[in-house]
file coords-v3.pdb (PDB, C-alpha atoms, pLDDT in the B column)
MODEL        1
ATOM      1  CA  MET A   1      38.519 121.302 121.258  1.00 77.00           C
ATOM      2  CA  ASP A   2      35.218 121.845 119.459  1.00 86.00           C
ATOM      3  CA  ALA A   3      32.918 119.244 117.927  1.00 89.00           C
ATOM      4  CA  SER A   4      34.488 119.401 114.448  1.00 92.00           C
ATOM      5  CA  ASP A   5      37.992 118.892 115.847  1.00 93.00           C
ATOM      6  CA  TRP A   6      36.750 116.004 117.937  1.00 92.00           C
ATOM      7  CA  ARG A   7      35.256 114.335 114.849  1.00 93.00           C
ATOM      8  CA  ILE A   8      38.690 114.551 113.207  1.00 94.00           C
ATOM      9  CA  VAL A   9      40.330 112.988 116.263  1.00 92.00           C
ATOM     10  CA  ARG A  10      37.798 110.150 116.212  1.00 92.00           C
ATOM     11  CA  SER A  11      38.414 109.541 112.491  1.00 91.00           C
ATOM     12  CA  THR A  12      42.056 108.518 113.061  1.00 90.00           C
ATOM     13  CA  PRO A  13      43.016 104.819 113.077  1.00 86.00           C
ATOM     14  CA  LEU A  14      44.539 105.241 116.530  1.00 85.00           C
ATOM     15  CA  LEU A  15      41.562 106.865 118.245  1.00 87.00           C
ATOM     16  CA  GLY A  16      38.630 105.797 116.112  1.00 86.00           C
ATOM     17  CA  ALA A  17      38.253 102.233 117.389  1.00 80.00           C
ATOM     18  CA  VAL A  18      38.546 102.874 121.129  1.00 84.00           C
ATOM     19  CA  SER A  19      35.683 103.981 123.325  1.00 86.00           C
ATOM     20  CA  GLN A  20      34.782 107.638 123.704  1.00 87.00           C
ATOM     21  CA  ASP A  21      36.058 107.589 127.293  1.00 87.00           C
ATOM     22  CA  VAL A  22      39.459 106.180 126.317  1.00 85.00           C
ATOM     23  CA  ALA A  23      39.930 108.703 123.511  1.00 87.00           C
ATOM     24  CA  GLN A  24      38.823 111.517 125.782  1.00 88.00           C
ATOM     25  CA  SER A  25      41.248 110.472 128.519  1.00 85.00           C
ATOM     26  CA  LEU A  26      44.150 110.551 126.057  1.00 86.00           C
ATOM     27  CA  VAL A  27      43.567 113.717 124.018  1.00 88.00           C
ATOM     28  CA  GLY A  28      40.412 115.366 125.305  1.00 79.00           C
ATOM     29  CA  ASN A  29      42.191 117.901 127.485  1.00 82.00           C
ATOM     30  CA  GLN A  30      45.216 118.465 125.264  1.00 87.00           C
ATOM     31  CA  PRO A  31      45.646 121.983 123.818  1.00 91.00           C
ATOM     32  CA  ILE A  32      45.595 122.649 120.081  1.00 94.00           C
ATOM     33  CA  SER A  33      48.804 124.183 118.751  1.00 95.00           C
ATOM     34  CA  VAL A  34      49.053 126.274 115.585  1.00 96.00           C
ATOM     35  CA  TYR A  35      52.339 126.055 113.675  1.00 96.00           C
ATOM     36  CA  GLN A  36      53.555 128.067 110.713  1.00 96.00           C
ATOM     37  CA  LYS A  37      55.035 126.580 107.558  1.00 95.00           C
ATOM     38  CA  GLY A  38      58.664 125.587 108.072  1.00 95.00           C
ATOM     39  CA  HIS A  39      58.412 124.866 111.804  1.00 97.00           C
ATOM     40  CA  THR A  40      60.414 121.820 112.924  1.00 97.00           C
ATOM     41  CA  LEU A  41      58.482 119.620 115.328  1.00 97.00           C
ATOM     42  CA  PHE A  42      61.331 117.245 116.093  1.00 96.00           C
ATOM     43  CA  GLN A  43      64.567 116.060 114.553  1.00 94.00           C
ATOM     44  CA  GLN A  44      65.891 112.635 113.723  1.00 92.00           C
ATOM     45  CA  GLY A  45      67.637 111.113 116.741  1.00 91.00           C
ATOM     46  CA  GLU A  46      65.929 113.248 119.379  1.00 92.00           C
ATOM     47  CA  ALA A  47      64.184 111.628 122.321  1.00 92.00           C
ATOM     48  CA  ALA A  48      60.682 110.556 121.275  1.00 91.00           C
ATOM     49  CA  ASP A  49      58.528 112.216 123.915  1.00 90.00           C
ATOM     50  CA  ALA A  50      55.256 112.897 122.039  1.00 91.00           C
ATOM     51  CA  PHE A  51      53.054 112.003 119.114  1.00 92.00           C
ATOM     52  CA  PHE A  52      50.780 114.262 117.080  1.00 95.00           C
ATOM     53  CA  VAL A  53      47.239 114.377 115.702  1.00 95.00           C
ATOM     54  CA  VAL A  54      46.786 116.517 112.579  1.00 96.00           C
ATOM     55  CA  LEU A  55      43.641 118.667 112.711  1.00 96.00           C
ATOM     56  CA  GLY A  56      44.567 120.783 109.694  1.00 95.00           C
ATOM     57  CA  GLY A  57      47.463 121.395 107.313  1.00 95.00           C
ATOM     58  CA  TRP A  58      50.273 119.082 106.241  1.00 95.00           C
ATOM     59  CA  VAL A  59      53.406 117.727 107.954  1.00 97.00           C
ATOM     60  CA  LYS A  60      56.277 115.852 106.313  1.00 96.00           C
ATOM     61  CA  LEU A  61      58.441 113.184 107.895  1.00 95.00           C
ATOM     62  CA  TYR A  62      61.865 112.771 106.370  1.00 94.00           C
ATOM     63  CA  ARG A  63      65.336 111.361 106.864  1.00 91.00           C
ATOM     64  CA  VAL A  64      68.620 112.970 105.897  1.00 86.00           C
ATOM     65  CA  THR A  65      70.911 110.571 104.062  1.00 81.00           C
ATOM     66  CA  PRO A  66      74.673 110.375 104.772  1.00 83.00           C
ATOM     67  CA  ASP A  67      75.360 112.455 101.653  1.00 83.00           C
ATOM     68  CA  GLY A  68      73.037 115.210 102.878  1.00 81.00           C
ATOM     69  CA  ASN A  69      70.029 114.510 100.683  1.00 82.00           C
ATOM     70  CA  GLU A  70      66.504 114.509 102.071  1.00 86.00           C
ATOM     71  CA  ALA A  71      64.293 111.454 101.676  1.00 88.00           C
ATOM     72  CA  VAL A  72      60.611 112.058 102.401  1.00 90.00           C
ATOM     73  CA  VAL A  73      59.123 109.126 104.297  1.00 88.00           C
ATOM     74  CA  GLY A  74      55.563 110.418 104.447  1.00 89.00           C
ATOM     75  CA  VAL A  75      53.346 113.488 104.332  1.00 93.00           C
ATOM     76  CA  TYR A  76      50.481 113.601 106.821  1.00 93.00           C
ATOM     77  CA  ARG A  77      47.245 115.578 106.684  1.00 93.00           C
ATOM     78  CA  ARG A  78      44.041 116.159 108.614  1.00 94.00           C
ATOM     79  CA  GLY A  79      42.714 113.022 110.268  1.00 92.00           C
ATOM     80  CA  GLU A  80      46.086 111.304 110.570  1.00 93.00           C
ATOM     81  CA  THR A  81      48.502 110.722 113.437  1.00 93.00           C
ATOM     82  CA  PHE A  82      52.251 110.295 113.373  1.00 93.00           C
ATOM     83  CA  ALA A  83      55.185 109.394 115.636  1.00 91.00           C
ATOM     84  CA  GLU A  84      53.122 107.297 118.049  1.00 87.00           C
ATOM     85  CA  ALA A  85      55.219 104.181 117.401  1.00 83.00           C
ATOM     86  CA  ALA A  86      58.543 106.001 117.842  1.00 84.00           C
ATOM     87  CA  MET A  87      58.223 105.902 121.621  1.00 75.00           C
ATOM     88  CA  PHE A  88      58.370 102.109 121.466  1.00 75.00           C
ATOM     89  CA  LEU A  89      61.312 101.910 119.034  1.00 64.00           C
ATOM     90  CA  GLY A  90      64.252 102.683 121.269  1.00 65.00           C
ATOM     91  CA  GLY A  91      62.848 105.980 122.459  1.00 80.00           C
ATOM     92  CA  ARG A  92      64.285 108.037 119.563  1.00 87.00           C
ATOM     93  CA  TYR A  93      62.598 109.588 116.583  1.00 91.00           C
ATOM     94  CA  PRO A  94      63.842 107.727 113.463  1.00 90.00           C
ATOM     95  CA  VAL A  95      62.866 110.690 111.265  1.00 93.00           C
ATOM     96  CA  SER A  96      62.503 114.470 111.396  1.00 96.00           C
ATOM     97  CA  ALA A  97      59.148 116.263 111.176  1.00 96.00           C
ATOM     98  CA  GLU A  98      58.522 119.643 109.571  1.00 97.00           C
ATOM     99  CA  VAL A  99      55.296 121.561 109.046  1.00 97.00           C
ATOM    100  CA  VAL A 100      54.978 122.189 105.293  1.00 95.00           C
ATOM    101  CA  THR A 101      51.839 124.354 105.448  1.00 94.00           C
ATOM    102  CA  ASP A 102      50.316 126.264 108.325  1.00 95.00           C
ATOM    103  CA  ALA A 103      48.925 123.522 110.531  1.00 96.00           C
ATOM    104  CA  ARG A 104      46.836 122.812 113.610  1.00 97.00           C
ATOM    105  CA  LEU A 105      48.072 119.894 115.692  1.00 97.00           C
ATOM    106  CA  VAL A 106      47.403 118.197 118.981  1.00 95.00           C
ATOM    107  CA  ARG A 107      50.605 117.174 120.746  1.00 94.00           C
ATOM    108  CA  VAL A 108      50.164 114.221 123.096  1.00 90.00           C
ATOM    109  CA  ASP A 109      52.820 113.494 125.696  1.00 88.00           C
ATOM    110  CA  GLY A 110      54.461 110.097 125.305  1.00 85.00           C
ATOM    111  CA  GLN A 111      54.360 109.248 128.979  1.00 84.00           C
ATOM    112  CA  ARG A 112      50.628 109.941 128.918  1.00 83.00           C
ATOM    113  CA  LEU A 113      50.220 107.435 126.086  1.00 83.00           C
ATOM    114  CA  ARG A 114      52.233 104.763 127.895  1.00 82.00           C
ATOM    115  CA  GLN A 115      50.234 105.201 131.064  1.00 84.00           C
ATOM    116  CA  ARG A 116      46.914 105.068 129.227  1.00 82.00           C
ATOM    117  CA  ILE A 117      47.942 101.807 127.521  1.00 83.00           C
ATOM    118  CA  LEU A 118      48.655 100.282 130.939  1.00 83.00           C
ATOM    119  CA  ASP A 119      45.368 101.551 132.356  1.00 84.00           C
ATOM    120  CA  GLN A 120      43.231 100.866 129.276  1.00 81.00           C
ATOM    121  CA  PRO A 121      44.566  97.860 127.303  1.00 80.00           C
ATOM    122  CA  GLU A 122      42.131  98.405 124.410  1.00 80.00           C
ATOM    123  CA  LEU A 123      44.373 101.291 123.405  1.00 82.00           C
ATOM    124  CA  ALA A 124      47.139  98.771 122.657  1.00 81.00           C
ATOM    125  CA  LEU A 125      44.941  97.219 119.956  1.00 80.00           C
ATOM    126  CA  SER A 126      44.421 100.659 118.454  1.00 83.00           C
ATOM    127  CA  MET A 127      48.191 101.131 118.445  1.00 78.00           C
ATOM    128  CA  LEU A 128      48.445  97.959 116.349  1.00 79.00           C
ATOM    129  CA  ALA A 129      45.748  99.255 114.007  1.00 80.00           C
ATOM    130  CA  SER A 130      47.573 102.558 113.636  1.00 81.00           C
ATOM    131  CA  ALA A 131      50.897 100.789 113.004  1.00 80.00           C
ATOM    132  CA  SER A 132      49.199  98.630 110.360  1.00 80.00           C
ATOM    133  CA  TYR A 133      47.793 101.754 108.709  1.00 80.00           C
ATOM    134  CA  HIS A 134      51.239 103.352 108.494  1.00 81.00           C
ATOM    135  CA  LEU A 135      52.805 100.120 107.228  1.00 81.00           C
ATOM    136  CA  LYS A 136      50.149  99.797 104.530  1.00 83.00           C
ATOM    137  CA  ALA A 137      50.822 103.376 103.422  1.00 82.00           C
ATOM    138  CA  LEU A 138      54.566 102.705 103.170  1.00 80.00           C
ATOM    139  CA  VAL A 139      54.020  99.483 101.224  1.00 82.00           C
ATOM    140  CA  GLU A 140      51.737 101.315  98.792  1.00 82.00           C
ATOM    141  CA  GLN A 141      54.289 104.100  98.422  1.00 80.00           C
ATOM    142  CA  ILE A 142      57.038 101.606  97.544  1.00 83.00           C
ATOM    143  CA  GLU A 143      54.707  99.719  95.220  1.00 80.00           C
ATOM    144  CA  HIS A 144      53.787 102.874  93.332  1.00 80.00           C
ATOM    145  CA  ILE A 145      57.416 103.916  92.900  1.00 83.00           C
ATOM    146  CA  LYS A 146      58.357 100.440  91.669  1.00 82.00           C
ATOM    147  CA  LEU A 147      55.391  99.658  89.451  1.00 84.00           C
ATOM    148  CA  LEU A 148      53.960 102.950  88.207  1.00 91.00           C
ATOM    149  CA  SER A 149      55.498 105.365  85.735  1.00 93.00           C
ATOM    150  CA  ALA A 150      56.031 108.966  86.798  1.00 93.00           C
ATOM    151  CA  PRO A 151      52.847 110.193  85.027  1.00 94.00           C
ATOM    152  CA  GLN A 152      50.841 107.417  86.679  1.00 94.00           C
ATOM    153  CA  ARG A 153      52.197 108.313  90.122  1.00 93.00           C
ATOM    154  CA  VAL A 154      51.209 111.946  89.635  1.00 95.00           C
ATOM    155  CA  ALA A 155      47.808 110.931  88.294  1.00 94.00           C
ATOM    156  CA  GLU A 156      47.207 108.653  91.281  1.00 93.00           C
ATOM    157  CA  PHE A 157      48.072 111.496  93.661  1.00 93.00           C
ATOM    158  CA  LEU A 158      45.632 113.832  91.908  1.00 94.00           C
ATOM    159  CA  VAL A 159      42.865 111.224  91.949  1.00 94.00           C
ATOM    160  CA  ARG A 160      43.329 110.805  95.701  1.00 90.00           C
ATOM    161  CA  LEU A 161      43.034 114.566  96.201  1.00 90.00           C
ATOM    162  CA  SER A 162      39.945 114.863  94.033  1.00 92.00           C
ATOM    163  CA  PRO A 163      36.679 115.388  95.934  1.00 90.00           C
ATOM    164  CA  VAL A 164      34.799 113.426  93.239  1.00 91.00           C
ATOM    165  CA  ARG A 165      35.365 110.149  91.389  1.00 92.00           C
ATOM    166  CA  GLU A 166      33.593 111.047  88.158  1.00 91.00           C
ATOM    167  CA  GLY A 167      33.376 114.182  86.050  1.00 92.00           C
ATOM    168  CA  GLY A 168      35.542 117.251  86.361  1.00 92.00           C
ATOM    169  CA  ALA A 169      37.390 118.551  89.402  1.00 93.00           C
ATOM    170  CA  ALA A 170      39.460 121.535  90.443  1.00 94.00           C
ATOM    171  CA  ILE A 171      42.273 120.814  92.904  1.00 91.00           C
ATOM    172  CA  GLU A 172      44.790 122.980  94.700  1.00 91.00           C
ATOM    173  CA  LEU A 173      48.135 121.299  95.291  1.00 91.00           C
ATOM    174  CA  PRO A 174      48.482 121.086  99.083  1.00 89.00           C
ATOM    175  CA  TYR A 175      52.193 121.866  99.206  1.00 90.00           C
ATOM    176  CA  GLU A 176      55.090 122.939  97.025  1.00 90.00           C
ATOM    177  CA  LYS A 177      55.966 120.963  93.905  1.00 91.00           C
ATOM    178  CA  ALA A 178      59.517 120.159  95.051  1.00 91.00           C
ATOM    179  CA  LEU A 179      58.113 118.286  98.048  1.00 92.00           C
ATOM    180  CA  LEU A 180      55.501 116.591  95.873  1.00 92.00           C
ATOM    181  CA  ALA A 181      58.229 115.352  93.537  1.00 93.00           C
ATOM    182  CA  ASN A 182      60.248 113.994  96.470  1.00 90.00           C
ATOM    183  CA  ARG A 183      57.157 112.340  97.909  1.00 89.00           C
ATOM    184  CA  LEU A 184      56.475 110.618  94.586  1.00 91.00           C
ATOM    185  CA  GLY A 185      60.074 109.472  94.142  1.00 89.00           C
ATOM    186  CA  MET A 186      61.172 111.763  91.321  1.00 90.00           C
ATOM    187  CA  LYS A 187      63.062 114.960  90.628  1.00 91.00           C
ATOM    188  CA  PRO A 188      61.260 118.314  90.177  1.00 91.00           C
ATOM    189  CA  GLU A 189      62.008 118.384  86.455  1.00 93.00           C
ATOM    190  CA  SER A 190      60.559 114.871  86.159  1.00 93.00           C
ATOM    191  CA  LEU A 191      57.391 116.084  87.841  1.00 93.00           C
ATOM    192  CA  SER A 192      57.049 118.825  85.238  1.00 93.00           C
ATOM    193  CA  ARG A 193      57.454 116.293  82.425  1.00 94.00           C
ATOM    194  CA  ALA A 194      54.932 113.969  84.048  1.00 95.00           C
ATOM    195  CA  LEU A 195      52.362 116.751  84.332  1.00 94.00           C
ATOM    196  CA  ALA A 196      52.920 117.609  80.678  1.00 94.00           C
ATOM    197  CA  LYS A 197      52.207 113.979  79.737  1.00 94.00           C
ATOM    198  CA  LEU A 198      48.858 114.201  81.521  1.00 95.00           C
ATOM    199  CA  ARG A 199      47.606 117.084  79.361  1.00 94.00           C
ATOM    200  CA  PRO A 200      46.110 114.782  76.688  1.00 94.00           C
ATOM    201  CA  LEU A 201      44.098 113.214  79.538  1.00 94.00           C
ATOM    202  CA  GLY A 202      42.538 116.550  80.405  1.00 94.00           C
ATOM    203  CA  VAL A 203      44.870 117.719  83.177  1.00 94.00           C
ATOM    204  CA  SER A 204      45.936 121.362  83.157  1.00 94.00           C
ATOM    205  CA  VAL A 205      48.096 123.154  85.729  1.00 92.00           C
ATOM    206  CA  ASP A 206      48.262 126.858  86.541  1.00 91.00           C
ATOM    207  CA  ARG A 207      50.720 127.423  89.391  1.00 87.00           C
ATOM    208  CA  GLU A 208      49.197 125.456  92.290  1.00 89.00           C
ATOM    209  CA  GLN A 209      45.786 125.006  90.650  1.00 92.00           C
ATOM    210  CA  VAL A 210      45.033 121.759  88.817  1.00 94.00           C
ATOM    211  CA  SER A 211      41.984 121.193  86.636  1.00 94.00           C
ATOM    212  CA  ILE A 212      40.861 117.693  85.668  1.00 95.00           C
ATOM    213  CA  VAL A 213      38.314 117.194  82.911  1.00 94.00           C
ATOM    214  CA  ASP A 214      37.442 113.593  83.816  1.00 93.00           C
ATOM    215  CA  VAL A 215      38.612 112.073  87.116  1.00 94.00           C
ATOM    216  CA  ALA A 216      37.408 108.602  86.122  1.00 94.00           C
ATOM    217  CA  LEU A 217      39.544 108.714  82.964  1.00 93.00           C
ATOM    218  CA  LEU A 218      42.578 109.687  85.034  1.00 93.00           C
ATOM    219  CA  ALA A 219      41.925 106.823  87.461  1.00 93.00           C
ATOM    220  CA  LYS A 220      41.684 104.420  84.532  1.00 93.00           C
ATOM    221  CA  PHE A 221      45.077 105.624  83.290  1.00 94.00           C
ATOM    222  CA  VAL A 222      46.613 104.848  86.705  1.00 91.00           C
ATOM    223  CA  GLU A 223      45.340 101.278  86.483  1.00 88.00           C
ATOM    224  CA  SER A 224      46.424 100.778  82.868  1.00 82.00           C
ATOM    225  CA  SER A 225      49.420  98.711  81.798  1.00 60.00           C
ATOM    226  CA  ASP A 226      50.697 101.541  79.583  1.00 55.00           C
ATOM    227  CA  ARG A 227      53.558 102.816  81.720  1.00 49.00           C
ATOM    228  CA  GLY A 228      54.598 105.572  79.324  1.00 46.00           C
ATOM    229  CA  GLU A 229      58.171 106.829  79.408  1.00 45.00           C
ATOM    230  CA  GLU A 230      60.302 105.270  82.132  1.00 43.00           C
ATOM    231  CA  GLY A 231      63.480 106.592  83.665  1.00 38.00           C
ATOM    232  CA  PHE A 232      61.894 109.484  85.564  1.00 37.00           C
TER     233      PHE A 232
ENDMDL
END
call {"tool": "encode", "arguments": {"input": "coords-v3.pdb", "output": "structure tokens"}}
result
Amino acid sequence: MDASDWRIVRSTPLLGAVSQDVAQSLVGNQPISVYQKGHTLFQQGEAADAFFVVLGGWVKLYRVTPDGNEAVVGVYRRGETFAEAAMFLGGRYPVSAEVVTDARLVRVDGQRLRQRILDQPELALSMLASASYHLKALVEQIEHIKLLSAPQRVAEFLVRLSPVREGGAAIELPYEKALLANRLGMKPESLSRALAKLRPLGVSVDREQVSIVDVALLAKFVESSDRGEEGF
């Protein structure tokens, strides 16, 4: 693991607050695995025997409903961890995980995590911080679906991806639009309509490339009370 990868590891809520020695003892000697798009990391109901640190790429967590539909719980990117709490929730993964772009991950054995928590109690506090981070993300996701219109949800996603907060920006969608629609709580055709409604705000889309004339204007639209057309 080189210096840049280590900086990513130390930026995660789980491993950023503990000492260098504690973080090193948990992941320092773990190999980096490269996965191709479409690879299944684990399936819902399997024994939870590891958690993952994302060094690059994107991974989705999802559940399959009784009627066979897929509900995306979260999409994780560089600098995030996932599945660490599953090993303390009955020992089974409550969701499935699939790599949605080529990705670089560190897989950390669950027994290793348990042992490190016993040996180094400060890691337990980081587990709480990580759990709080994931809970906050889920609460925000539910809040956005409940309170924001479809165009506002798409605009908020684009603002988060933007490398700047003012002026223009060019963004590449990180994964396919069908997954993006699911992640934002809408159907693919609703996503297309939402993107069309953002054109007057200076948003243009060409395949996976998105151009924004004024990121600040788009952010202001997200915060506005004008919900636009509902029912998406």
call {"tool": "resolve_selection", "arguments": {"input": "coords-v3.pdb", "expression": "the PyMOL selection byres ((chain A and resi 149-165) around 8)", "output": "ChimeraX atom specification"}}
result
/A:144-145,147-148,166-171,184,186,190-191,194-195,197-198,215-216,218-219,221-222,227-230,232
call {"tool": "residues_around", "arguments": {"input": "coords-v3.pdb", "residues": "range 8-18 of chain A", "least_positions_apart": "2", "cutoff": "10 Å", "atoms": "all atoms listed in the file", "output": "PyMOL selection string"}}
result
chain A and resi 1+3-6+20-24+26-28+53-56+78-82+84+106+120-134
call {"tool": "closest_residue", "arguments": {"input": "coords-v3.pdb", "among": "A:Ser204, A:Gln115, A:Gln30, A:Gln141", "to": "Phe52 in chain A", "atoms": "all atoms listed in the file"}}
result
A:Gln30
call {"tool": "closest_residue", "arguments": {"input": "coords-v3.pdb", "among": "A:Asp109, A:Asp2, A:Glu98, A:Glu70", "to": "Ala48 in chain A", "atoms": "only C-alpha atoms"}}
result
A:Asp109
call {"tool": "resolve_selection", "arguments": {"input": "coords-v3.pdb", "expression": "the PyMOL selection byres ((chain A and resi 174) around 10)", "output": "VMD selection string"}}
result
chain A and resid 57 to 58 77 100 to 101 161 171 to 173 175 to 177 180 208 to 209
call {"tool": "closest_residue", "arguments": {"input": "coords-v3.pdb", "among": "A:Ala71, A:Ala97, A:Leu135, A:Ala83", "to": "Asn182 in chain A", "atoms": "all atoms listed in the file"}}
result
A:Ala71
call {"tool": "resolve_selection", "arguments": {"input": "coords-v3.pdb", "expression": "the PyMOL selection byres ((chain A and resi 63) around 8)", "output": "PyMOL selection string"}}
result
chain A and resi 44+61-62+64-65+70-73+94-96
call {"tool": "atom_distance", "arguments": {"input": "coords-v3.pdb", "atom1": "CA of Ala85 in chain A", "atom2": "CA of Ile117 in chain A"}}
result
12.7 Å
call {"tool": "residues_around", "arguments": {"input": "coords-v3.pdb", "residues": "Val34 in chain A", "least_positions_apart": "2", "cutoff": "8 Å", "atoms": "all atoms listed in the file", "output": "PDB file with C-alpha atoms, keeping the file's coordinate frame"}}
result
ATOM      1  CA  ILE A  32      45.595 122.649 120.081  1.00 94.00           C
ATOM      2  CA  GLN A  36      53.555 128.067 110.713  1.00 96.00           C
ATOM      3  CA  ASP A 102      50.316 126.264 108.325  1.00 95.00           C
ATOM      4  CA  ALA A 103      48.925 123.522 110.531  1.00 96.00           C
ATOM      5  CA  ARG A 104      46.836 122.812 113.610  1.00 97.00           C
ATOM      6  CA  LEU A 105      48.072 119.894 115.692  1.00 97.00           C
TER       7      LEU A 105
END
